[in-house]
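Asks: Below is the file run_33.txt, with compact mmCIF, C-alpha atoms.
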```txt
# COMPACT_ATOMS: atom_id res chain seq x y z
CA MET A 1 97.62 140.01 56.84
CA GLU A 2 96.57 138.61 60.18
CA ARG A 3 97.16 134.88 60.28
CA LEU A 4 94.00 132.86 59.73
CA ASN A 5 93.29 130.14 62.26
CA LEU A 6 92.12 127.36 59.94
CA GLU A 7 94.54 124.63 60.98
CA GLY A 8 92.61 121.40 61.37
CA TRP A 9 89.57 122.78 59.51
CA LEU A 10 88.40 121.53 56.09
CA PRO A 11 85.83 123.03 53.69
CA ILE A 12 82.67 120.93 53.62
CA ARG A 13 80.32 123.12 51.58
CA VAL A 14 80.63 125.89 49.00
CA TRP A 15 77.40 127.68 48.25
CA GLN A 16 75.85 130.92 47.12
CA GLN A 17 73.60 133.12 49.24
CA THR A 18 72.11 136.40 48.01
CA GLY A 19 74.81 136.69 45.37
CA GLU A 20 77.76 135.94 47.67
CA TRP A 21 79.72 132.69 47.61
CA LEU A 22 80.43 131.24 51.04
CA VAL A 23 82.41 128.35 52.52
CA ASP A 24 81.34 126.19 55.46
CA TRP A 25 84.22 124.63 57.39
CA CYS A 26 84.31 121.66 59.75
CA TRP A 27 86.89 120.75 62.40
CA PHE A 28 88.73 117.50 61.61
CA GLY A 29 91.88 118.07 63.64
CA ASP A 30 94.39 115.39 62.69
CA THR A 31 91.77 112.71 61.94
CA PRO A 32 92.64 110.89 58.67
CA LEU A 33 90.04 110.62 55.92
CA HIS A 34 89.65 106.86 55.55
CA GLN A 35 85.94 106.72 54.65
CA PRO A 36 84.98 105.68 51.10
CA PHE A 37 83.49 109.13 50.40
CA PHE A 38 84.26 112.61 51.67
CA ARG A 39 80.64 113.21 52.65
CA GLU A 40 80.85 110.21 55.02
CA ALA A 41 83.91 111.71 56.70
CA VAL A 42 81.96 114.95 57.07
CA ASP A 43 79.00 113.13 58.63
CA ASP A 44 81.33 111.52 61.18
CA ALA A 45 83.02 114.82 62.00
CA LEU A 46 79.73 116.66 62.42
CA ARG A 47 78.78 114.24 65.19
CA LEU A 48 81.60 115.60 67.34
CA PRO A 49 80.30 117.85 70.15
CA PHE A 50 82.73 120.59 69.09
CA ASN A 51 81.29 120.73 65.57
CA GLN A 52 77.75 120.70 66.91
CA ALA A 53 78.54 123.70 69.09
CA PHE A 54 80.71 125.73 66.70
CA ARG A 55 80.21 126.69 63.09
CA ARG A 56 82.82 128.27 60.83
CA GLN A 57 81.73 130.17 57.75
CA THR A 58 83.84 132.45 55.53
CA PRO A 59 83.65 134.25 52.20
CA LEU A 60 84.98 132.28 49.21
CA ALA A 61 88.06 134.51 48.98
CA VAL A 62 89.35 133.06 52.26
CA LEU A 63 90.28 129.89 50.34
CA GLY A 64 92.91 131.87 48.44
CA GLN A 65 94.05 133.71 51.55
CA TRP A 66 94.55 130.45 53.43
CA GLN A 67 96.46 129.01 50.47
CA ALA A 68 98.80 132.04 50.47
CA MET A 69 99.43 131.67 54.21
CA SER A 70 99.65 127.88 54.35
CA PRO A 71 100.11 126.24 50.94
CA GLY A 72 98.92 122.67 50.94
CA LEU A 73 100.10 119.78 48.81
CA THR A 74 99.55 120.10 45.08
CA PRO A 75 97.40 117.25 43.74
CA SER A 76 99.56 114.32 42.69
CA ALA A 77 96.79 112.50 40.77
CA PHE A 78 93.19 112.89 39.67
CA ILE A 79 90.85 109.91 39.36
CA PHE A 80 88.01 110.31 36.86
CA HIS A 81 85.61 107.46 36.22
CA ALA A 82 82.44 106.30 34.50
CA SER A 83 80.85 105.33 37.87
CA ARG A 84 80.40 101.87 39.41
CA CYS A 85 83.70 100.71 37.93
CA GLY A 86 86.26 100.41 40.74
CA SER A 87 87.29 104.00 41.47
CA THR A 88 86.30 103.61 45.11
CA LEU A 89 88.41 100.46 45.36
CA ILE A 90 91.45 102.41 44.14
CA SER A 91 90.82 105.34 46.47
CA GLN A 92 90.35 103.01 49.44
CA MET A 93 93.59 101.19 48.62
CA LEU A 94 95.46 104.50 48.57
CA ALA A 95 93.77 105.63 51.79
CA ARG A 96 95.65 102.81 53.53
CA LEU A 97 98.85 104.80 53.09
CA ASP A 98 99.68 107.24 55.91
CA ASP A 99 101.49 109.62 53.55
CA HIS A 100 98.48 109.93 51.22
CA ILE A 101 95.53 112.30 51.55
CA VAL A 102 92.64 110.91 49.52
CA ILE A 103 89.65 113.18 48.87
CA SER A 104 86.81 111.22 47.31
CA GLU A 105 83.99 113.05 45.50
CA ALA A 106 83.95 116.17 47.67
CA PRO A 107 80.75 118.20 47.02
CA PRO A 108 82.56 121.58 47.34
CA LEU A 109 84.82 120.71 44.40
CA ASP A 110 81.87 119.68 42.24
CA ALA A 111 80.06 122.89 43.20
CA LEU A 112 83.00 125.05 42.09
CA LEU A 113 83.67 123.11 38.89
CA ARG A 114 80.06 123.60 37.77
CA SER A 115 79.53 127.07 39.22
CA GLY A 116 78.80 130.19 37.22
CA LEU A 117 81.76 132.08 38.70
CA PRO A 118 83.97 134.10 36.34
CA ALA A 119 86.76 131.90 35.00
CA ALA A 120 89.66 133.51 36.87
CA GLU A 121 87.77 133.60 40.17
CA ARG A 122 86.69 130.01 39.77
CA ARG A 123 90.26 128.86 39.12
CA ARG A 124 91.51 130.68 42.22
CA ALA A 125 88.75 129.13 44.31
CA ILE A 126 89.48 125.60 43.05
CA GLU A 127 93.18 126.00 43.69
CA GLY A 128 92.47 127.34 47.17
CA LEU A 129 90.02 124.55 47.93
CA LEU A 130 92.45 121.79 46.98
CA SER A 131 95.21 123.56 48.91
CA ALA A 132 92.94 123.41 51.97
CA TYR A 133 92.40 119.69 51.41
CA GLY A 134 96.14 119.23 50.94
CA GLN A 135 97.12 120.60 54.35
CA ARG A 136 99.45 118.32 56.31
CA ARG A 137 97.25 117.72 59.33
CA VAL A 138 99.16 114.66 60.58
CA GLY A 139 102.58 115.78 59.44
CA VAL A 140 103.67 112.84 57.26
CA GLU A 141 101.50 113.49 54.21
CA GLN A 142 103.33 113.67 50.89
CA ARG A 143 100.66 113.09 48.24
CA LEU A 144 97.17 114.38 47.57
CA VAL A 145 94.87 112.23 45.40
CA ILE A 146 91.53 113.62 44.28
CA LYS A 147 88.70 111.40 43.06
CA LEU A 148 86.06 113.34 41.14
CA ASP A 149 82.36 112.68 40.68
CA ALA A 150 81.61 110.72 37.51
CA TRP A 151 80.00 113.68 35.72
CA ASN A 152 83.04 115.89 36.37
CA ILE A 153 84.83 114.39 33.35
CA ALA A 154 83.11 117.21 31.44
CA GLU A 155 84.97 119.78 33.59
CA LEU A 156 88.41 118.21 33.16
CA PRO A 157 89.71 121.03 30.90
CA LEU A 158 89.06 123.54 33.70
CA LEU A 159 90.89 121.38 36.22
CA ARG A 160 93.77 121.04 33.77
CA GLU A 161 94.02 124.83 33.62
CA CYS A 162 94.52 124.85 37.38
CA PHE A 163 96.86 121.86 37.57
CA PRO A 164 98.35 121.21 34.10
CA ASP A 165 101.10 118.91 35.40
CA THR A 166 98.94 116.60 37.51
CA PRO A 167 98.50 113.16 35.92
CA TRP A 168 94.98 111.79 35.64
CA MET A 169 93.25 108.57 34.83
CA PHE A 170 89.84 107.59 33.47
CA LEU A 171 88.45 104.35 34.85
CA TYR A 172 85.64 102.56 33.05
CA ARG A 173 83.93 99.19 32.76
CA ASP A 174 81.79 97.21 30.35
CA PRO A 175 78.80 99.56 30.00
CA LEU A 176 76.19 96.82 30.43
CA GLU A 177 77.54 96.04 33.90
CA ILE A 178 77.52 99.73 34.86
CA ALA A 179 73.99 100.16 33.53
CA VAL A 180 72.65 97.22 35.55
CA SER A 181 74.17 98.71 38.69
CA HIS A 182 72.38 102.00 38.07
CA LEU A 183 69.08 100.27 37.39
CA ARG A 184 69.41 98.54 40.76
CA ARG A 185 70.36 101.71 42.61
CA PRO A 186 70.66 104.80 40.42
CA GLY A 187 73.43 107.28 41.03
CA MET A 188 72.55 110.95 41.25
CA HIS A 189 73.55 111.60 37.64
CA MET A 190 71.26 108.79 36.46
CA VAL A 191 68.11 110.46 37.83
CA PRO A 192 66.79 113.22 35.54
CA GLY A 193 67.29 116.66 37.06
CA MET A 194 68.92 115.52 40.31
CA ILE A 195 72.39 117.03 39.82
CA GLY A 196 71.33 120.06 37.80
CA ALA A 197 73.06 121.18 34.64
CA SER A 198 76.16 119.24 33.64
CA GLY A 199 78.23 118.36 30.64
CA LEU A 200 76.30 115.10 30.33
CA ASP A 201 73.11 116.88 29.29
CA ASP A 202 71.65 116.71 25.79
CA ASP A 203 68.35 117.71 24.21
CA LEU A 204 67.12 114.29 23.12
CA ALA A 205 64.05 112.77 24.72
CA PHE A 206 64.24 109.37 26.42
CA ASP A 207 61.55 106.71 26.53
CA SER A 208 62.52 104.58 29.53
CA ARG A 209 64.91 104.33 32.48
CA GLU A 210 66.99 101.92 30.40
CA ASP A 211 67.23 104.42 27.57
CA TYR A 212 68.14 107.31 29.87
CA ILE A 213 70.83 105.39 31.76
CA ALA A 214 72.36 103.95 28.60
CA ARG A 215 72.49 107.37 26.93
CA ARG A 216 74.02 109.09 29.95
CA LEU A 217 76.55 106.30 30.22
CA GLY A 218 77.38 106.60 26.54
CA ARG A 219 77.93 110.31 27.04
CA LEU A 220 80.25 109.64 29.99
CA LEU A 221 82.33 107.15 28.02
CA ASP A 222 82.43 109.41 24.98
CA LEU A 223 83.66 112.32 27.09
CA GLY A 224 86.25 110.08 28.76
CA LEU A 225 87.49 108.95 25.36
CA ALA A 226 87.73 112.50 24.00
CA GLN A 227 89.47 113.85 27.11
CA CYS A 228 91.96 110.97 27.21
CA ARG A 229 92.90 111.64 23.60
CA GLU A 230 93.16 115.41 23.98
CA PHE A 231 94.73 115.68 27.44
CA GLY A 232 96.73 112.48 27.74
CA GLY A 233 94.71 110.63 30.37
CA VAL A 234 95.50 107.06 31.38
CA ALA A 235 92.61 104.77 30.42
CA VAL A 236 92.03 101.93 32.90
CA ASN A 237 89.49 99.10 32.63
CA TYR A 238 87.85 97.66 35.73
CA SER A 239 89.03 94.24 34.54
CA GLU A 240 92.62 95.29 35.36
CA LEU A 241 91.83 95.72 39.06
CA PRO A 242 93.15 95.20 41.59
CA GLY A 243 96.27 93.74 39.96
CA ALA A 244 97.17 96.97 38.14
CA MET A 245 97.87 98.58 41.53
CA ALA A 246 100.97 96.38 41.69
CA GLY A 247 101.87 97.18 38.11
CA ARG A 248 101.28 100.17 35.88
CA LEU A 249 99.07 102.02 38.39
CA ALA A 250 101.74 101.67 41.06
CA GLY A 251 103.94 103.67 38.73
CA PHE A 252 101.14 106.11 37.99
CA PHE A 253 100.65 106.82 41.72
CA GLY A 254 104.37 106.70 42.52
CA LEU A 255 104.13 103.77 44.96
CA ASP A 256 107.29 102.09 46.22
CA ASP A 257 107.60 98.34 46.91
CA VAL A 258 106.45 98.66 50.53
CA GLN A 259 103.44 100.75 49.57
CA ARG A 260 102.44 98.26 46.89
CA GLU A 261 102.13 95.65 49.61
CA GLN A 262 100.30 98.00 51.95
CA VAL A 263 97.57 98.96 49.48
CA PHE A 264 96.61 95.35 48.98
CA ALA A 265 95.48 95.16 52.60
CA ALA A 266 92.25 96.67 51.25
CA VAL A 267 91.76 93.97 48.62
CA GLY A 268 89.06 91.51 49.53
CA LEU A 269 86.94 94.20 51.13
CA HIS A 270 83.91 95.77 49.50
CA ALA A 271 85.11 99.28 48.61
CA LYS A 272 81.88 101.12 49.43
CA GLN A 273 81.09 98.93 52.46
CA PRO A 274 84.47 98.12 54.01
CA SER A 275 82.97 95.74 56.57
CA GLU A 276 81.80 93.41 53.79
CA VAL A 277 83.93 91.04 51.71
CA PHE A 278 84.19 92.08 48.06
CA VAL A 279 82.83 89.59 45.52
CA GLY A 280 83.04 90.18 41.77
CA ASP A 281 79.62 90.57 40.17
CA SER A 282 80.20 90.94 36.43
CA ASP A 283 78.53 87.64 35.49
CA SER A 284 75.48 88.22 37.67
CA LYS A 285 74.99 91.70 36.27
CA ARG A 286 75.09 90.41 32.70
CA ARG A 287 72.51 87.74 33.52
CA GLU A 288 70.26 90.35 35.11
CA ALA A 289 70.25 92.69 32.11
CA SER A 290 66.95 92.86 30.24
CA ALA A 291 66.74 92.70 26.46
CA LEU A 292 65.76 96.37 26.39
CA LEU A 293 68.77 97.39 28.44
CA VAL A 294 71.11 95.32 26.27
CA GLU A 295 69.71 96.95 23.13
CA ARG A 296 70.01 100.50 24.48
CA VAL A 297 73.52 99.96 25.82
CA GLU A 298 74.59 98.61 22.44
CA ARG A 299 73.03 101.63 20.75
CA TRP A 300 74.36 104.38 23.00
CA ALA A 301 77.42 103.15 24.92
CA ARG A 302 79.13 100.23 23.20
CA GLY A 303 80.89 102.38 20.58
CA PRO A 304 82.85 104.67 22.94
CA TYR A 305 83.63 101.71 25.21
CA LEU A 306 85.21 99.78 22.34
CA ALA A 307 87.12 102.89 21.26
CA LEU A 308 88.51 103.28 24.80
CA GLU A 309 89.52 99.62 24.79
CA ASN A 310 91.23 100.01 21.43
CA ASP A 311 93.23 103.02 22.66
CA ARG A 312 94.11 101.30 25.95
CA LEU A 313 95.38 98.13 24.29
CA VAL A 314 97.40 99.77 21.51
```
Would you give me this structure, written as structure tokens?

Replies:
Amino acid sequence: MERLNLEGWLPIRVWQQTGEWLVDWCWFGDTPLHQPFFREAVDDALRLPFNQAFRRQTPLAVLGQWQAMSPGLTPSAFIFHASRCGSTLISQMLARLDDHIVISEAPPLDALLRSGLPAAERRRAIEGLLSAYGQRRVGVEQRLVIKLDAWNIAELPLLRECFPDTPWMFLYRDPLEIAVSHLRRPGMHMVPGMIGASGLDDDLAFDSREDYIARRLGRLLDLGLAQCREFGGVAVNYSELPGAMAGRLAGFFGLDDVQREQVFAAVGLHAKQPSEVFVGDSDSKRREASALLVERVERWARGPYLALENDRLV
């Protein structure tokens, strides 16, 4: 097979056109991915004159061909989360480490996880995609950490089929605090119909934004609880952060003493807006919650949250 010339290129979109699945690639060279989200790194890269002048598009099968020619790092950890609960803080702390590649909520991975591709083809594509993300573009990379979108907890069994030995964690927070955050600025999965079909969907009607958000959040926590119990995930509460990165999560991510000190260079910064100082907001969110939101969170989300806490603290 003629050697593919994809060194320095990363997949930025996986999509279907007239029945054929395609991959769009973008040139990153050896630029590290330090932005809070993968899509932000893509936006920065697309501003380069080279990427404005040249476009790279291939069939989906090229992911597997590139993996066979140039195997990337196998994922060393997966981060699943209930949204708005500190996952970006963790990923940004790890992104401080030169030997870590951190891919945070990459749309191509979500597209493949929720695609209608045949099972075997979908597994090959996912493995090829993460191999592409795991390429050593700088030369010192040793670990690949993947942070998923919140709703991808429903697709965890598929990811486990691809990478059965990769440890994973589920991060969560008091559901009332998460719900207030989504009422202020709703995530995609908290707007009806915005992300399309997902494992969070159910057939029950909702009567308000508060009801919808609380029910979706309850579904997220319930899925996280079930997956942790069935597949041995590490449950982590937001209240443990950032200190756990010097303790049990340092062991989870395989950090040595020097790396434990390095990751804390990110502490004090707002994870999603690194130029701003991070300030805890749990108390203010609780004060902001309306009586309706409190009632719906208690109805739909408090049970799985308490069950997660019970399992975590045993």

Asks: Mind giving me the straight-line distance from atom CA of Arg229 of chain A to atom CA of Tyr305 of chain A in Å, one decimal?

Replies: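 For atom CA of Arg229 of chain A relative to atom CA of Tyr305 of chain A, the distance reads 13.7 Å.
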
Asks: With distances taken over only C-alpha atoms, which of A:Ala95, A:Leu171, A:Leu113, A:Leu60 is nearest to Leu241 of chain A?

Replies: A:Leu171

Asks: So how far away is atom CA of Asp98 of chain A from atom CA of Gln142 of chain A, in Å?

Replies: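 Atom-to-atom, atom CA of Gln142 of chain A to atom CA of Asp98 of chain A, that is 8.9 Å.
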
Asks: Restricting the calculation to only C-alpha atoms: of A:Ala119, A:Ala150, A:Ala205, A:Leu6, which residue gets closest to Ala106 of chain A?

Replies: A:Ala150

Asks: Between atom CA of Glu309 of chain A and atom CA of Val297 of chain A, what is the spacing in Å?

Replies: 16.0 Å

Asks: Name the closest residue to Pro157 of chain A among the candidates A:Trp21, A:Phe38, A:Phe231, A:Phe206; distances are taken between atoms, counting all atoms listed in the file.

Replies: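 Of all the options, A:Phe231 lies closest to Pro157 of chain A.
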
Asks: Residues near Ser290 of chain A, anyone? I mean within 12 Å using only C-alpha atoms, not counting same-chain ones fewer than 5 positions away, as a PDB file with C-alpha atoms, keeping the file's coordinate frame.

Replies:
```pdb
ATOM      1  CA  LEU A 176      76.190  96.820  30.430  1.00  0.00           C
ATOM      2  CA  GLU A 177      77.540  96.040  33.900  1.00  0.00           C
ATOM      3  CA  ALA A 179      73.990 100.160  33.530  1.00  0.00           C
ATOM      4  CA  VAL A 180      72.650  97.220  35.550  1.00  0.00           C
ATOM      5  CA  LEU A 183      69.080 100.270  37.390  1.00  0.00           C
ATOM      6  CA  ARG A 209      64.910 104.330  32.480  1.00  0.00           C
ATOM      7  CA  GLU A 210      66.990 101.920  30.400  1.00  0.00           C
ATOM      8  CA  ASP A 211      67.230 104.420  27.570  1.00  0.00           C
ATOM      9  CA  LYS A 285      74.990  91.700  36.270  1.00  0.00           C
ATOM     10  CA  GLU A 295      69.710  96.950  23.130  1.00  0.00           C
ATOM     11  CA  ARG A 296      70.010 100.500  24.480  1.00  0.00           C
ATOM     12  CA  VAL A 297      73.520  99.960  25.820  1.00  0.00           C
TER      13      VAL A 297
END
```

Asks: Could you list as a list in words every residue that has an atom within 12 Å of (75.2, 137.1, 45.6), using the file's coordinates and counting only C-alpha atoms?

Replies: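 Collected hits near the coordinates: Trp15, Gln16, Gln17, Thr18, Gly19, Glu20, Trp21, Leu22, Pro59, Leu60, Gly116 and Leu117 of chain A.
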
Asks: Name all residues at most 12 Å from Arg248 of chain A (count all atoms listed in the file; drop same-chain ones fewer than 5 positions away) and give them as a ChimeraX atom specification.

Replies: /A:169,234-236,240-243,253-255,260

Asks: My list of candidates is A:Ile103, A:Leu159, A:Cys85, A:Ala226. Which is closest to Asp281 of chain A when distances are computed with only C-alpha atoms?

Replies: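 Among the listed residues, A:Cys85 lies closest to Asp281 of chain A.
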
Asks: Taking all atoms listed in the file into account, which of A:Ser83, A:Gln262, A:Ser115, A:Gln92 comes nearest Gly218 of chain A?

Replies: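 Looking at the shortest contact to Gly218 of chain A, the residue is A:Ser83.
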